[in-house]
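Raw contents of protein_25.csv, CSV, C-alpha atoms:
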```csv
chain,number,residue,atom,x,y,z
A,1,MET,CA,1.7,-135.7,-4.6
A,2,PRO,CA,1.7,-135.3,-0.8
A,3,ARG,CA,2.4,-138.3,1.2
A,4,LYS,CA,-0.7,-140.0,2.6
A,5,ARG,CA,-1.0,-139.5,6.3
A,6,ARG,CA,-3.1,-142.3,7.7
A,7,SER,CA,-2.4,-141.4,11.2
A,8,ALA,CA,-3.6,-137.8,11.0
A,9,VAL,CA,-7.0,-136.2,11.1
A,10,PRO,CA,-7.5,-134.5,7.7
A,11,ASP,CA,-7.5,-130.7,7.8
A,12,ALA,CA,-9.3,-130.1,11.1
A,13,ARG,CA,-9.4,-130.7,14.8
A,14,ARG,CA,-12.0,-133.2,15.8
A,15,ALA,CA,-14.2,-133.3,18.9
A,16,VAL,CA,-12.9,-135.7,21.6
A,17,ALA,CA,-15.5,-136.3,24.3
A,18,PRO,CA,-17.6,-139.0,26.0
A,19,PRO,CA,-20.9,-140.1,24.3
A,20,GLU,CA,-23.9,-138.1,25.4
A,21,GLY,CA,-25.2,-139.3,28.7
A,22,PHE,CA,-21.9,-140.8,29.8
A,23,GLU,CA,-19.9,-137.6,30.5
A,24,ASP,CA,-20.1,-137.9,34.3
A,25,MET,CA,-19.2,-141.6,34.4
A,26,VAL,CA,-16.1,-141.0,32.2
A,27,LEU,CA,-15.1,-137.9,34.0
A,28,GLN,CA,-15.3,-139.7,37.3
A,29,GLU,CA,-12.8,-142.3,36.1
A,30,PHE,CA,-10.4,-139.6,35.0
A,31,THR,CA,-10.6,-137.6,38.2
A,32,ALA,CA,-10.1,-140.8,40.2
A,33,ALA,CA,-6.8,-141.5,38.4
A,34,SER,CA,-3.4,-140.8,39.9
A,35,ASP,CA,-1.6,-137.6,38.9
A,36,ASP,CA,0.7,-139.4,36.4
A,37,CYS,CA,-2.1,-141.3,34.8
A,38,LEU,CA,-4.3,-138.2,34.6
A,39,ASP,CA,-1.5,-136.2,33.0
A,40,GLY,CA,-0.9,-138.9,30.4
A,41,ALA,CA,-4.6,-139.3,29.6
A,42,TYR,CA,-5.1,-135.6,29.4
A,43,MET,CA,-2.2,-135.4,26.9
A,44,LEU,CA,-3.8,-138.2,24.8
A,45,ILE,CA,-7.1,-136.4,24.7
A,46,GLU,CA,-5.3,-133.4,23.3
A,47,GLU,CA,-3.4,-135.6,20.8
A,48,LEU,CA,-6.5,-137.3,19.6
A,49,GLU,CA,-7.9,-134.0,18.3
A,50,THR,CA,-5.4,-134.2,15.5
A,51,LEU,CA,-3.9,-137.8,15.4
A,52,ASN,CA,-5.2,-141.3,15.5
A,53,PRO,CA,-4.2,-144.1,17.9
A,54,ASP,CA,-1.5,-146.5,17.0
A,55,PRO,CA,-2.6,-149.4,14.7
A,56,ASN,CA,-1.5,-152.0,17.3
A,57,GLU,CA,-3.9,-150.4,19.8
A,58,ARG,CA,-6.9,-151.3,17.7
A,59,CYS,CA,-9.6,-153.6,19.2
A,60,GLY,CA,-12.0,-153.9,16.4
A,61,LEU,CA,-14.7,-152.3,14.2
A,62,LEU,CA,-18.3,-151.9,15.4
A,63,ALA,CA,-21.3,-151.5,13.1
A,64,GLY,CA,-18.9,-151.0,10.2
A,65,VAL,CA,-18.3,-147.4,11.5
A,66,HIS,CA,-16.7,-147.2,14.9
A,67,GLU,CA,-13.0,-148.2,15.1
A,68,VAL,CA,-12.4,-149.1,18.8
A,69,TYR,CA,-9.1,-148.7,20.5
A,70,ALA,CA,-7.5,-149.3,23.9
A,71,MET,CA,-4.6,-146.9,24.1
A,72,ALA,CA,-1.5,-147.0,26.3
A,73,VAL,CA,-1.4,-144.0,28.5
A,74,PRO,CA,2.0,-142.2,28.5
A,75,GLY,CA,3.6,-142.3,31.9
A,76,CYS,CA,1.0,-144.6,33.2
A,77,PRO,CA,1.6,-148.3,32.4
A,78,ARG,CA,-1.2,-149.6,34.5
A,79,LEU,CA,-4.2,-147.9,32.6
A,80,ARG,CA,-5.6,-147.9,29.1
A,81,LEU,CA,-7.7,-145.2,27.6
A,82,LEU,CA,-10.7,-146.6,25.7
A,83,VAL,CA,-11.9,-144.6,22.7
A,84,SER,CA,-13.7,-145.1,19.4
A,85,ILE,CA,-13.5,-143.1,16.2
A,86,ASP,CA,-16.3,-142.7,13.8
A,87,HIS,CA,-14.3,-143.2,10.6
A,88,LEU,CA,-17.2,-142.5,8.2
A,89,THR,CA,-18.1,-139.0,9.5
A,90,GLY,CA,-15.6,-136.8,7.8
A,91,PRO,CA,-13.5,-134.8,7.5
A,92,ALA,CA,-13.1,-134.4,11.3
A,93,GLN,CA,-14.1,-137.8,12.5
A,94,PRO,CA,-15.5,-137.6,16.0
A,95,CYS,CA,-13.7,-139.5,18.7
A,96,PHE,CA,-15.7,-140.9,21.7
A,97,VAL,CA,-14.0,-141.4,25.0
A,98,HIS,CA,-15.3,-144.5,26.8
A,99,GLY,CA,-13.2,-144.3,29.9
A,100,LEU,CA,-10.0,-145.5,31.6
A,101,VAL,CA,-9.5,-149.1,32.8
A,102,ALA,CA,-6.8,-151.1,34.3
A,103,LYS,CA,-4.5,-152.9,31.8
A,104,THR,CA,-5.2,-156.1,33.6
A,105,PHE,CA,-9.0,-155.7,33.0
A,106,ARG,CA,-9.1,-157.0,29.4
A,107,PRO,CA,-9.1,-153.5,28.0
A,108,CYS,CA,-10.1,-154.4,24.4
A,109,ASP,CA,-13.1,-156.5,25.5
A,110,THR,CA,-14.1,-153.6,27.8
A,111,ALA,CA,-13.6,-151.0,25.1
A,112,LEU,CA,-15.8,-153.0,22.6
A,113,GLN,CA,-18.5,-153.6,25.3
A,114,ARG,CA,-18.6,-150.0,26.4
A,115,ALA,CA,-18.6,-148.6,22.9
A,116,GLN,CA,-21.5,-150.8,22.0
A,117,THR,CA,-23.5,-149.8,25.1
A,118,GLN,CA,-22.6,-146.1,25.2
A,119,LEU,CA,-23.2,-145.6,21.5
A,120,ASP,CA,-26.3,-147.8,21.6
A,121,LEU,CA,-25.1,-150.1,18.8
A,122,PRO,CA,-26.6,-153.5,17.9
A,123,TYR,CA,-24.8,-156.5,19.4
A,124,GLN,CA,-21.9,-157.9,17.5
A,125,SER,CA,-18.6,-159.4,18.5
A,126,GLY,CA,-16.5,-156.9,16.6
A,127,ASN,CA,-13.6,-157.6,14.2
A,128,PRO,CA,-10.5,-158.6,16.1
A,129,ALA,CA,-7.4,-156.4,15.5
A,130,SER,CA,-5.4,-157.6,12.6
B,1,MET,CA,-21.6,-136.2,21.5
B,2,THR,CA,-22.6,-132.9,23.1
B,3,ASP,CA,-19.5,-131.8,25.0
B,4,THR,CA,-16.8,-130.8,22.6
B,5,SER,CA,-14.7,-129.4,25.4
B,6,PHE,CA,-14.0,-132.5,27.5
B,7,ARG,CA,-10.6,-131.1,28.2
B,8,ALA,CA,-12.2,-128.1,29.7
B,9,SER,CA,-14.4,-130.3,31.9
B,10,LEU,CA,-11.3,-132.2,33.0
B,11,LEU,CA,-9.5,-129.0,33.9
B,12,LYS,CA,-12.5,-127.8,35.9
B,13,ALA,CA,-12.8,-131.1,37.8
B,14,ARG,CA,-9.0,-131.5,38.4
B,15,PRO,CA,-7.4,-128.0,38.2
B,16,ASP,CA,-4.1,-129.5,39.3
B,17,ILE,CA,-3.6,-130.8,35.8
B,18,ALA,CA,-2.9,-127.2,34.5
B,19,GLY,CA,-0.3,-126.6,37.2
B,20,ARG,CA,1.6,-129.8,36.4
B,21,ALA,CA,1.3,-129.1,32.6
B,22,ALA,CA,2.8,-125.7,33.1
B,23,ALA,CA,5.6,-127.1,35.3
B,24,ASN,CA,6.4,-129.7,32.7
B,25,ASP,CA,5.7,-127.5,29.7
B,26,THR,CA,8.9,-128.3,27.8
B,27,LYS,CA,8.8,-132.0,28.5
B,28,ARG,CA,5.1,-132.2,27.5
B,29,LYS,CA,5.7,-130.4,24.2
B,30,LEU,CA,8.6,-132.6,23.4
B,31,ALA,CA,6.6,-135.7,24.1
B,32,LEU,CA,3.8,-134.5,21.8
B,33,ALA,CA,6.2,-133.5,19.0
B,34,LEU,CA,8.0,-136.9,19.1
B,35,ARG,CA,4.8,-138.8,19.2
B,36,ALA,CA,3.4,-136.8,16.3
B,37,LEU,CA,6.6,-137.6,14.2
B,38,ARG,CA,6.3,-141.3,15.0
B,39,LYS,CA,2.6,-141.4,14.2
B,40,ARG,CA,3.0,-139.5,10.9
B,41,GLN,CA,5.4,-142.3,9.9
B,42,ASP,CA,2.8,-144.9,11.0
B,43,LEU,CA,5.3,-146.4,13.4
B,44,THR,CA,4.6,-147.9,16.8
B,45,GLN,CA,6.8,-147.7,19.9
B,46,ARG,CA,7.8,-151.3,19.2
B,47,ASP,CA,9.0,-150.2,15.7
B,48,ILE,CA,11.2,-147.5,17.3
B,49,GLU,CA,12.6,-150.1,19.6
B,50,HIS,CA,13.5,-152.4,16.7
B,51,ARG,CA,14.9,-149.6,14.6
B,52,SER,CA,17.2,-148.2,17.3
B,53,THR,CA,19.1,-149.1,20.4
B,54,LEU,CA,16.4,-147.4,22.6
B,55,SER,CA,14.7,-149.7,25.1
B,56,GLN,CA,10.9,-149.8,25.5
B,57,SER,CA,11.1,-148.2,28.9
B,58,LEU,CA,13.3,-145.3,27.6
B,59,ILE,CA,10.9,-144.8,24.6
B,60,SER,CA,8.0,-144.7,27.1
B,61,ARG,CA,9.8,-142.1,29.2
B,62,LEU,CA,10.5,-140.0,26.1
B,63,GLU,CA,6.8,-140.0,25.3
B,64,SER,CA,5.7,-139.2,28.8
B,65,PRO,CA,4.4,-135.7,29.6
B,66,THR,CA,6.3,-135.5,32.9
B,67,GLY,CA,9.7,-136.6,34.2
B,68,PRO,CA,13.2,-135.4,33.5
B,69,MET,CA,14.1,-134.0,30.1
B,70,PRO,CA,16.0,-136.6,27.9
B,71,ASN,CA,19.5,-135.8,26.7
B,72,PHE,CA,19.9,-134.6,23.1
B,73,ASP,CA,21.5,-137.8,21.9
B,74,THR,CA,18.5,-139.8,23.0
B,75,VAL,CA,16.1,-137.5,21.2
B,76,MET,CA,18.3,-137.8,18.0
B,77,ARG,CA,18.2,-141.6,18.2
B,78,TYR,CA,14.4,-141.5,18.4
B,79,VAL,CA,14.1,-139.1,15.5
B,80,GLU,CA,16.5,-141.1,13.3
B,81,ALA,CA,14.5,-144.3,14.1
B,82,CYS,CA,11.5,-142.5,12.8
B,83,GLY,CA,13.4,-141.7,9.6
B,84,GLY,CA,13.1,-138.1,10.6
B,85,HIS,CA,15.3,-135.0,10.7
B,86,LEU,CA,15.6,-132.2,13.3
B,87,ILE,CA,16.1,-128.5,13.0
B,88,LEU,CA,16.9,-126.5,16.1
B,89,GLY,CA,16.2,-122.7,15.8
B,90,PHE,CA,16.3,-119.8,18.2
B,91,SER,CA,14.3,-116.6,18.1
B,92,LEU,CA,14.1,-113.3,20.0
B,93,SER,CA,10.3,-113.4,19.3
B,94,LYS,CA,7.7,-115.6,20.8
B,95,LEU,CA,7.0,-118.5,18.4
B,96,ASP,CA,3.9,-120.6,17.8
B,97,ALA,CA,4.8,-124.2,17.0
B,98,ASP,CA,1.4,-125.0,15.3
B,99,SER,CA,1.7,-122.1,12.9
B,100,TYR,CA,5.3,-123.0,12.2
B,101,TRP,CA,4.7,-126.6,11.1
B,102,GLN,CA,1.3,-125.9,9.5
B,103,GLY,CA,2.9,-123.2,7.4
B,104,SER,CA,5.7,-125.4,6.2
B,105,GLY,CA,3.7,-127.6,3.9
B,106,ASP,CA,4.8,-131.2,4.2
B,107,GLN,CA,8.3,-130.3,5.2
B,108,VAL,CA,7.8,-130.1,9.0
B,109,VAL,CA,5.5,-132.7,10.6
B,110,SER,CA,5.8,-131.6,14.2
B,111,ALA,CA,7.4,-128.8,16.2
B,112,MET,CA,7.8,-127.5,19.7
B,113,ALA,CA,8.3,-123.9,20.9
B,114,VAL,CA,9.4,-122.8,24.3
```
If you convert what's in this file into structure tokens, what do you get?
Amino acid sequence: MPRKRRSAVPDARRAVAPPEGFEDMVLQEFTAASDDCLDGAYMLIEELETLNPDPNERCGLLAGVHEVYAMAVPGCPRLRLLVSIDHLTGPAQPCFVHGLVAKTFRPCDTALQRAQTQLDLPYQSGNPAS
Amino acid sequence: MTDTSFRASLLKARPDIAGRAAANDTKRKLALALRALRKRQDLTQRDIEHRSTLSQSLISRLESPTGPMPNFDTVMRYVEACGGHLILGFSLSKLDADSYWQGSGDQVVSAMAV
């Protein structure tokens, strides 16, 4: 039996993009980033098409569906990439990009707040990362 | 989600990304391949640090898309910390890394071709 790959997207590349209506806002945060940060974030976007974030980057679960993450950006220690993954829509679970924020700006709180607002989810505090 | 080509939008807004990606092509591919190996094993950077003599800053540099290429010994230490193995091959034909590892069943979990 093949080894279970929890970190991989099963069988297909998934869409990685901002939620509808927030493309310009998210794009603006990316384009304002330094070259190093932009290159690292761009690589993460490509990686997210086939792989999940690290488990220690998890911020919580919203609406029982959206796993929210604040990801370290390779080559850019000062920023975090905020994403959420709809883990119920299979097999290629969509990944929403919520923006780039400073590491010092409470990235997990910001990620949960943005995911809730941008995906129009009912208010809840989210389950803290285990 | 309407835009499934956010990467294309990024490249259009900041075309300089493509130039740097091309200039750092080998380093970028190596970083993606190493990260893929680590993630397939469900390991974090901290796990690699604990399982090897590699420092956190060195691991971060290994996984960065830009910067100098690491030496072979450093790459091997990272791979061993992942519980992985490495095969190094050479070809006179252009190779596609995705086809290579996808066609290998579960034997190869990541690959880079230059």
Counting all atoms listed in the file, what are the residues of chain A within 7 Å of chain B, and for each of them which pair of atoms is the nearest and at what distance in Å, to one decimal? Sort the table by chain and rising number, as CSV.
```
residue,atom,partner,partner_atom,distance
A:Arg5,CA,B:Arg40,CA,6.1
A:Ser7,CA,B:Arg40,CA,5.7
A:Ala8,CA,B:Arg40,CA,6.8
A:Ala15,CA,B:Thr4,CA,5.2
A:Val16,CA,B:Thr4,CA,6.3
A:Ala17,CA,B:Phe6,CA,5.2
A:Pro18,CA,B:Met1,CA,6.6
A:Pro19,CA,B:Met1,CA,4.9
A:Glu20,CA,B:Met1,CA,4.9
A:Leu27,CA,B:Leu10,CA,6.9
A:Thr31,CA,B:Arg14,CA,6.3
A:Asp39,CA,B:Ile17,CA,6.4
A:Gly40,CA,B:Pro65,CA,6.2
A:Asp54,CA,B:Thr44,CA,6.3
A:Pro74,CA,B:Ser64,CA,4.8
A:Gly75,CA,B:Ser64,CA,4.9
```
Shell around A:Leu79 at 7 Å using only C-alpha atoms, local window under 3 positions removed, as number ranges by chain: A: 72-73, 76, 100-103
Stretch 79-91 of chain B environment, 10 Å, all atoms listed in the file, sequence neighbours closer than 2 positions dropped, as an NGL selection string: :B and (34-35 or 37-45 or 47-54 or 73-77 or 93-95 or 108-114)
Using all atoms listed in the file: which of B:Tyr78, B:Asp96, B:Ser104, B:Asn71 has the shortest distance to B:Lys27: B:Asn71
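Contact shell of stretch 114-121 of chain A at 9 Å (all atoms listed in the file; same-chain neighbours under 3 positions omitted): Pro18, Pro19, Glu20, Gly21, Phe22, Leu62, Ala63, His66, Val68, Leu82, Val83, Ser84, Phe96, Val97, His98, Gly99, Asp109, Thr110, Ala111 and Gln124 of chain A.
Separating atom CA of A:Val65 from atom CA of A:Leu38 is a distance of 28.5 Å.
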d(atom CA of A:Glu57, atom CA of A:Met71) in Å: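 Answer for the atom CA of A:Glu57 to atom CA of A:Met71 separation: 5.6 Å.
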Option closest in space to A:Thr50, from B:Asp98, B:Ala22, B:Leu92, B:Met69 [counting all atoms listed in the file]: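 Ranking B:Asp98, B:Ala22, B:Leu92, B:Met69 by distance to A:Thr50, first place goes to B:Asp98.
Counting only C-alpha atoms and comparing A:Arg78, A:Arg13, A:His87, A:Arg58, the residue that lies closest to A:Leu112 is A:Arg58.
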Between atom CA of A:Arg80 and atom CA of A:Glu47, distance in Å (one decimal): 15.0 Å
